[in-house]
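Colleague: The structure file input33.csv (CSV, C-alpha atoms and all ligand atoms) is provided below.
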chain,number,residue,atom,x,y,z
O,1,MET,CA,3.0,59.5,-23.9
O,2,LEU,CA,4.7,56.3,-25.1
O,3,ASN,CA,6.2,58.3,-28.0
O,4,ASP,CA,8.4,60.2,-25.5
O,5,ILE,CA,10.1,57.0,-24.3
O,6,LYS,CA,13.5,56.1,-25.7
O,7,ASP,CA,14.1,52.8,-23.8
O,8,VAL,CA,12.1,50.6,-21.6
O,9,LEU,CA,14.6,49.8,-18.8
O,10,ILE,CA,12.4,47.5,-16.7
O,11,ASP,CA,9.3,46.1,-18.3
O,12,GLU,CA,6.0,45.7,-16.5
O,13,LYS,CA,6.3,41.9,-16.0
O,14,THR,CA,9.8,42.1,-14.5
O,15,LEU,CA,8.8,45.0,-12.3
O,16,LYS,CA,5.7,43.2,-10.9
O,17,LYS,CA,7.6,40.0,-10.3
O,18,ARG,CA,10.4,41.7,-8.4
O,19,VAL,CA,8.0,43.8,-6.3
O,20,SER,CA,6.1,40.7,-5.3
O,21,GLU,CA,9.4,39.0,-4.3
O,22,LEU,CA,10.4,42.0,-2.3
O,23,GLY,CA,7.1,42.0,-0.5
O,24,LYS,CA,7.5,38.4,0.5
O,25,GLU,CA,11.0,39.1,1.8
O,26,LEU,CA,9.7,42.0,3.8
O,27,ALA,CA,6.9,40.0,5.2
O,28,GLU,CA,9.4,37.5,6.6
O,29,GLU,CA,11.5,40.3,8.0
O,30,TYR,CA,8.6,41.9,9.8
O,31,LYS,CA,6.6,38.8,10.9
O,32,GLY,CA,5.0,39.6,14.3
O,33,LYS,CA,6.1,43.2,14.3
O,34,ASN,CA,3.2,45.3,12.8
O,35,PRO,CA,5.6,47.7,10.9
O,36,LEU,CA,4.7,51.2,9.9
O,37,VAL,CA,5.2,51.4,6.2
O,38,ILE,CA,6.0,55.0,5.2
O,39,CYS,CA,5.4,56.0,1.7
O,40,VAL,CA,7.4,59.0,0.6
O,41,LEU,CA,5.1,61.0,-1.7
O,42,LYS,CA,4.6,61.1,-4.6
O,43,GLY,CA,7.1,58.9,-6.4
O,44,SER,CA,6.7,55.8,-4.1
O,45,VAL,CA,3.0,55.6,-4.3
O,46,LEU,CA,2.6,53.0,-7.0
O,47,PHE,CA,5.5,50.9,-5.7
O,48,MET,CA,4.1,50.9,-2.1
O,49,SER,CA,0.6,50.0,-3.2
O,50,ASP,CA,1.9,46.9,-5.1
O,51,LEU,CA,4.4,46.0,-2.4
O,52,VAL,CA,2.1,45.9,0.6
O,53,GLN,CA,-0.3,43.6,-1.3
O,54,SER,CA,2.5,41.0,-1.3
O,55,MET,CA,3.1,41.4,2.4
O,56,ASP,CA,0.8,38.9,4.2
O,57,ILE,CA,1.3,40.3,7.7
O,58,PRO,CA,-0.4,43.0,9.8
O,59,LEU,CA,1.0,46.4,9.0
O,60,GLU,CA,0.1,50.0,8.9
O,61,ILE,CA,0.7,52.6,6.2
O,62,ASP,CA,1.3,56.3,6.5
O,63,PHE,CA,2.4,59.0,4.1
O,64,MET,CA,5.0,61.7,4.2
O,65,ALA,CA,5.4,64.5,1.6
O,66,ILE,CA,8.8,66.2,1.4
O,67,SER,CA,10.3,68.6,-1.0
O,68,SER,CA,14.1,68.8,-1.4
O,69,TYR,CA,15.7,72.1,-2.0
O,70,GLY,CA,18.0,71.9,-5.0
O,71,THR,CA,18.5,73.0,-8.5
O,72,GLY,CA,17.4,71.0,-11.6
O,73,THR,CA,17.8,67.3,-11.1
O,74,ARG,CA,20.3,67.6,-8.2
O,75,SER,CA,19.0,67.6,-4.7
O,76,SER,CA,20.7,69.6,-1.9
O,77,GLY,CA,19.9,67.1,0.8
O,78,GLU,CA,18.0,69.7,2.8
O,79,VAL,CA,14.5,68.5,3.0
O,80,ARG,CA,11.3,70.4,3.9
O,81,ILE,CA,8.4,68.5,5.3
O,82,LEU,CA,5.3,69.3,3.4
O,83,LYS,CA,3.1,66.7,5.1
O,84,ASP,CA,4.2,64.9,8.2
O,85,LEU,CA,3.1,61.4,9.3
O,86,ASP,CA,-0.4,61.2,10.9
O,87,LYS,CA,0.7,59.2,13.9
O,88,SER,CA,3.7,59.1,16.3
O,89,VAL,CA,6.5,56.7,15.4
O,90,GLU,CA,7.7,56.3,18.9
O,91,GLY,CA,8.6,52.6,19.5
O,92,ARG,CA,7.6,51.6,16.0
O,93,ASP,CA,9.4,49.6,13.4
O,94,LEU,CA,9.6,51.9,10.4
O,95,LEU,CA,9.9,50.8,6.9
O,96,ILE,CA,10.6,53.8,4.6
O,97,ILE,CA,9.6,53.2,1.0
O,98,GLU,CA,11.5,55.2,-1.6
O,99,ASP,CA,11.1,55.3,-5.4
O,100,ILE,CA,14.8,55.9,-6.1
O,101,VAL,CA,18.0,56.7,-4.2
O,102,ASP,CA,20.2,58.9,-6.2
O,103,SER,CA,22.7,61.1,-4.3
O,104,GLY,CA,21.2,59.6,-1.1
O,105,LEU,CA,21.0,63.1,0.4
O,106,THR,CA,17.2,63.0,0.7
O,107,LEU,CA,17.2,59.6,2.4
O,108,SER,CA,19.9,60.4,4.9
O,109,TYR,CA,18.0,63.5,5.9
O,110,LEU,CA,14.8,61.6,6.3
O,111,ILE,CA,16.5,58.9,8.4
O,112,LYS,CA,18.0,61.7,10.6
O,113,ILE,CA,14.5,63.1,11.2
O,114,PHE,CA,13.2,59.7,12.3
O,115,LYS,CA,16.2,58.9,14.4
O,116,ASP,CA,15.3,61.8,16.6
O,117,ARG,CA,11.8,60.4,17.2
O,118,ASN,CA,12.6,57.3,19.3
O,119,THR,CA,11.7,54.6,16.9
O,120,ASN,CA,12.4,50.9,17.6
O,121,SER,CA,14.0,50.4,14.1
O,122,ILE,CA,14.3,52.1,10.8
O,123,LYS,CA,14.8,50.2,7.5
O,124,VAL,CA,14.7,51.4,3.9
O,125,CYS,CA,13.2,49.7,0.8
O,126,SER,CA,13.9,51.5,-2.5
O,127,LEU,CA,12.5,50.3,-5.8
O,128,LEU,CA,15.5,51.7,-7.7
O,129,ASP,CA,19.1,52.5,-6.8
O,130,LYS,CA,21.3,54.7,-8.8
O,131,PRO,CA,24.7,54.0,-7.1
O,132,GLU,CA,26.9,56.0,-9.5
O,133,ARG,CA,25.5,59.3,-8.2
O,134,ARG,CA,25.8,58.6,-4.5
O,135,ILE,CA,27.1,61.4,-2.4
O,136,SER,CA,25.8,60.3,1.0
O,137,GLU,CA,26.7,56.7,1.9
O,138,VAL,CA,23.3,55.7,3.1
O,139,GLU,CA,22.4,52.1,3.7
O,140,ILE,CA,19.4,50.7,1.7
O,141,ASP,CA,18.2,47.5,3.2
O,142,PHE,CA,16.1,46.3,0.4
O,143,VAL,CA,16.5,47.2,-3.3
O,144,GLY,CA,14.4,46.3,-6.3
O,145,PHE,CA,16.8,47.2,-9.1
O,146,ALA,CA,20.0,49.0,-9.7
O,147,VAL,CA,19.8,51.5,-12.6
O,148,PRO,CA,22.4,53.3,-14.6
O,149,ASP,CA,22.9,57.1,-14.3
O,150,GLU,CA,20.0,58.1,-16.6
O,151,PHE,CA,16.9,60.0,-15.7
O,152,VAL,CA,14.1,57.4,-15.4
O,153,VAL,CA,10.3,57.8,-15.4
O,154,GLY,CA,7.3,55.6,-14.9
O,155,TYR,CA,5.7,53.5,-12.1
O,156,GLY,CA,5.5,56.6,-9.9
O,157,LEU,CA,8.5,58.5,-11.1
O,158,ASP,CA,7.9,61.7,-13.0
O,159,PHE,CA,9.4,64.3,-15.2
O,160,ALA,CA,7.6,67.6,-14.5
O,161,GLU,CA,4.8,65.6,-12.8
O,162,LYS,CA,4.2,63.5,-15.9
O,163,TYR,CA,4.7,59.9,-16.8
O,164,ARG,CA,4.0,58.6,-13.2
O,165,ASN,CA,1.2,56.4,-14.6
O,166,LEU,CA,3.4,54.4,-17.0
O,167,PRO,CA,3.4,50.7,-15.9
O,168,PHE,CA,7.1,50.3,-16.6
O,169,ILE,CA,10.4,52.1,-15.9
O,170,GLY,CA,11.7,53.9,-18.9
O,171,VAL,CA,14.2,56.5,-20.1
O,172,LEU,CA,12.9,59.7,-21.8
O,173,LYS,CA,14.0,60.8,-25.2
O,174,GLU,CA,16.4,63.8,-25.0
O,175,GLU,CA,14.1,66.0,-27.1
O,176,VAL,CA,11.4,65.8,-24.3
O,177,TYR,CA,13.7,67.8,-22.0
O,178,VAL,CA,14.1,70.7,-24.3
P,1,LIG,P1,18.5,62.0,-3.8
P,1,LIG,O1,19.5,62.6,-4.8
P,1,LIG,O2,18.4,62.9,-2.6
P,1,LIG,O3,17.2,62.1,-4.6
P,1,LIG,O4,18.9,60.6,-3.5
P,1,LIG,C1,16.2,61.3,-4.5
P,1,LIG,C2,15.0,61.9,-5.2
P,1,LIG,O5,15.3,62.5,-6.4
P,1,LIG,C3,14.4,62.2,-7.4
P,1,LIG,N1,15.0,61.5,-8.5
P,1,LIG,C4,14.5,61.1,-9.6
P,1,LIG,N2,13.2,61.2,-10.1
P,1,LIG,N3,13.8,60.0,-12.1
P,1,LIG,C5,12.9,60.7,-11.3
P,1,LIG,O6,11.7,60.7,-11.7
P,1,LIG,C6,15.1,59.9,-11.7
P,1,LIG,O7,15.9,59.4,-12.5
P,1,LIG,C7,15.5,60.5,-10.4
P,1,LIG,N4,16.6,60.5,-9.7
P,1,LIG,C8,16.3,61.1,-8.6
P,1,LIG,C9,13.3,61.3,-6.7
P,1,LIG,O8,12.2,62.1,-6.3
P,1,LIG,C10,14.0,60.7,-5.5
P,1,LIG,O9,13.1,60.5,-4.4
P,2,MG,MG,11.0,60.8,-4.3
Would you mind writing the file's structure down as structure tokens?

Modeller:
Amino acid sequence: MLNDIKDVLIDEKTLKKRVSELGKELAEEYKGKNPLVICVLKGSVLFMSDLVQSMDIPLEIDFMAISSYGTGTRSSGEVRILKDLDKSVEGRDLLIIEDIVDSGLTLSYLIKIFKDRNTNSIKVCSLLDKPERRISEVEIDFVGFAVPDEFVVGYGLDFAEKYRNLPFIGVLKEEVYV
């Protein structure tokens, strides 16, 4: 698996340190609020697991699975809900956890869905931000790292469902795609 990686963009130590910092920042932000932390499956699973362990406050977690219609690596922004949240979000403070915001279309669609559900607040925390590819100007409240316009894998992010278990963020070699 490591043979398929061209570059390590963010190594394990840097990743863990930043995630722990973010968790502490979020704990400050949500002190006394019992936020509902929403993990968008599957890419955000590793990030969310580490993040909440650095948040020393009462919180709840829930999972949402979506699939975005689109071709290749471009998303259309139209999102189909494959698994909805278990509980109502009415009156809750939502913290959406994303792996990466690319065009921003998926995230804007998600926010739109939640805005219709009478929440108290909605904020977004994304591990990675690929600002060069933004189409929808969506606000990300907490960002781990900005990354260049390259397809990245690892720490939850996949290529054809593989490489999610790498403990770092890396760029695949071109020959892996063909
Ligand atoms: P949009 O374009 O709607 O897409 O912001 C966000 C979703 O697209 C996937 N995505 C990636 N997945 N490496 C990946 O493994 C990448 O470089 C990448 N760029 C976008 C991802 O599922 C994200 O939630
Ligand atoms: Mg995703």

Colleague: Please, what distance in Å, to one decimal, runs between CA of Ile111 in chain O and CA of Ile57 in chain O?

Modeller: 24.0 Å

Colleague: Near Glu98 in chain O, counting all atoms listed in the file, which residues have an atom at most 9 Å away, once you skip same-chain residues fewer than 5 positions from it, shown as a PyMOL selection string?

Modeller: chain O and resi 38-41+43-45+47-48+107+124-128

Colleague: Please write as a list in words the list of polymer residues whose atoms come within 12 Å of (3.9, 64.4, 10.8), counting all atoms listed in the file and keeping to the coordinates of the file.

Modeller: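 Applying the cut-off with all atoms listed in the file, one gets Ile38, Asp62, Phe63, Met64, Ala65, Ile66, Arg80, Ile81, Leu82, Lys83, Asp84, Leu85, Asp86, Lys87, Ser88, Val89, Ile113, Phe114 and Arg117 of chain O.
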
Colleague: Mind giving me the straight-line distance from CA of Leu2 in chain O to CA of Leu157 in chain O in Å, one decimal?

Modeller: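 Separation between CA of Leu2 in chain O and CA of Leu157 in chain O: 14.7 Å.
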
Colleague: If I take CA of Leu166 in chain O and CA of Glu21 in chain O, how far is one from the other in Å, to one decimal?

Modeller: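 The value is 20.8 Å.
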
Colleague: Nearest to Asp102 in chain O: which of O:Ala146, O:Ser67, O:Glu90, O:Gly170 is it, counting only C-alpha atoms?

Modeller: O:Ala146

Colleague: Counting only C-alpha atoms and all ligand atoms, what are the residues, protein, DNA or RNA alike, that approach ligand LIG 1 (chain P) to within 7 Å? I want them as an MDAnalysis selection string.

Modeller: chainID O and resid 43 73:75 77 98:107 150:153 157:159

Colleague: Keeping C-alpha atoms, export the residues of the selection given above as an mmCIF file, in the frame of the given file.

Modeller:
data_model
loop_
_atom_site.group_PDB
_atom_site.id
_atom_site.type_symbol
_atom_site.label_atom_id
_atom_site.label_comp_id
_atom_site.auth_asym_id
_atom_site.auth_seq_id
_atom_site.Cartn_x
_atom_site.Cartn_y
_atom_site.Cartn_z
ATOM 1 C CA GLY O 43 7.100 58.900 -6.400
ATOM 2 C CA THR O 73 17.800 67.300 -11.100
ATOM 3 C CA ARG O 74 20.300 67.600 -8.200
ATOM 4 C CA SER O 75 19.000 67.600 -4.700
ATOM 5 C CA GLY O 77 19.900 67.100 0.800
ATOM 6 C CA GLU O 98 11.500 55.200 -1.600
ATOM 7 C CA ASP O 99 11.100 55.300 -5.400
ATOM 8 C CA ILE O 100 14.800 55.900 -6.100
ATOM 9 C CA VAL O 101 18.000 56.700 -4.200
ATOM 10 C CA ASP O 102 20.200 58.900 -6.200
ATOM 11 C CA SER O 103 22.700 61.100 -4.300
ATOM 12 C CA GLY O 104 21.200 59.600 -1.100
ATOM 13 C CA LEU O 105 21.000 63.100 0.400
ATOM 14 C CA THR O 106 17.200 63.000 0.700
ATOM 15 C CA LEU O 107 17.200 59.600 2.400
ATOM 16 C CA GLU O 150 20.000 58.100 -16.600
ATOM 17 C CA PHE O 151 16.900 60.000 -15.700
ATOM 18 C CA VAL O 152 14.100 57.400 -15.400
ATOM 19 C CA VAL O 153 10.300 57.800 -15.400
ATOM 20 C CA LEU O 157 8.500 58.500 -11.100
ATOM 21 C CA ASP O 158 7.900 61.700 -13.000
ATOM 22 C CA PHE O 159 9.400 64.300 -15.200
#

Colleague: Check the smallest atom-to-atom distance from each of O:Glu29, O:Asp141, O:Ser68, O:Ile122 to ligand MG 2 (chain P) using all atoms listed in the file, then report the winner.

Modeller: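 Going through O:Glu29, O:Asp141, O:Ser68, O:Ile122 one by one, the smallest distance to ligand MG 2 (chain P) is for O:Ser68.
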
Colleague: Determine, counting all atoms listed in the file, which protein, DNA and RNA residues have an atom within 7 Å of an atom of Lys6 in chain O; residues of the same chain fewer than 6 positions away are not included. Present the result as JSON, numbers by chain.

Modeller: {"O": [171, 172, 173]}

Colleague: Now that the selection is made, can you save its residues with C-alpha atoms as a short mmCIF file (atom, residue, chain, number, x, y, z; two decimals), in the frame of the given file?

Modeller:
data_model
loop_
_atom_site.label_atom_id
_atom_site.label_comp_id
_atom_site.auth_asym_id
_atom_site.auth_seq_id
_atom_site.Cartn_x
_atom_site.Cartn_y
_atom_site.Cartn_z
CA VAL O 171 14.20 56.50 -20.10
CA LEU O 172 12.90 59.70 -21.80
CA LYS O 173 14.00 60.80 -25.20
#

Colleague: I'd like to know which of O:Ile96, O:Ile10, O:Ala27, O:Leu22 is closest to ligand MG 2 (chain P), using all atoms listed in the file.

Modeller: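 Checking each candidate against ligand MG 2 (chain P), we get O:Ile96 as the closest.
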
Colleague: Between O:Lys17, O:Lys33, O:Arg92, O:Lys112, single out the one closest to Pro58 in chain O, counting only C-alpha atoms.

Modeller: O:Lys33

Colleague: Identify which of the residues O:Leu46, O:Glu174, O:Asp93, O:Phe142 lies closest to ligand MG 2 (chain P), counting all atoms listed in the file when measuring atom-to-atom distances.

Modeller: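 Going through O:Leu46, O:Glu174, O:Asp93, O:Phe142 one by one, the smallest distance to ligand MG 2 (chain P) is for O:Leu46.
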
Colleague: Is there a way to get, as a compact mmCIF listing (two decimals) with C-alpha atoms, keeping the file's coordinate frame, all residues within 10 Å of the point (7.6, 40.1, -1.3) in file coordinates, counting all atoms listed in the file?

Modeller:
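File out-v2.txt, as written:
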# COMPACT_ATOMS: atom_id res chain seq x y z
CA LYS O 17 7.60 40.00 -10.30
CA ARG O 18 10.40 41.70 -8.40
CA VAL O 19 8.00 43.80 -6.30
CA SER O 20 6.10 40.70 -5.30
CA GLU O 21 9.40 39.00 -4.30
CA LEU O 22 10.40 42.00 -2.30
CA GLY O 23 7.10 42.00 -0.50
CA LYS O 24 7.50 38.40 0.50
CA GLU O 25 11.00 39.10 1.80
CA LEU O 26 9.70 42.00 3.80
CA ALA O 27 6.90 40.00 5.20
CA GLU O 28 9.40 37.50 6.60
CA ASP O 50 1.90 46.90 -5.10
CA LEU O 51 4.40 46.00 -2.40
CA VAL O 52 2.10 45.90 0.60
CA GLN O 53 -0.30 43.60 -1.30
CA SER O 54 2.50 41.00 -1.30
CA MET O 55 3.10 41.40 2.40
CA ASP O 56 0.80 38.90 4.20

Colleague: Taking all atoms listed in the file into account, name the residue in O:Gly156, O:Gly91, O:Pro148, O:Gly32 that is nearest to ligand MG 2 (chain P).

Modeller: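 Smallest separation from ligand MG 2 (chain P) among the options: O:Gly156.
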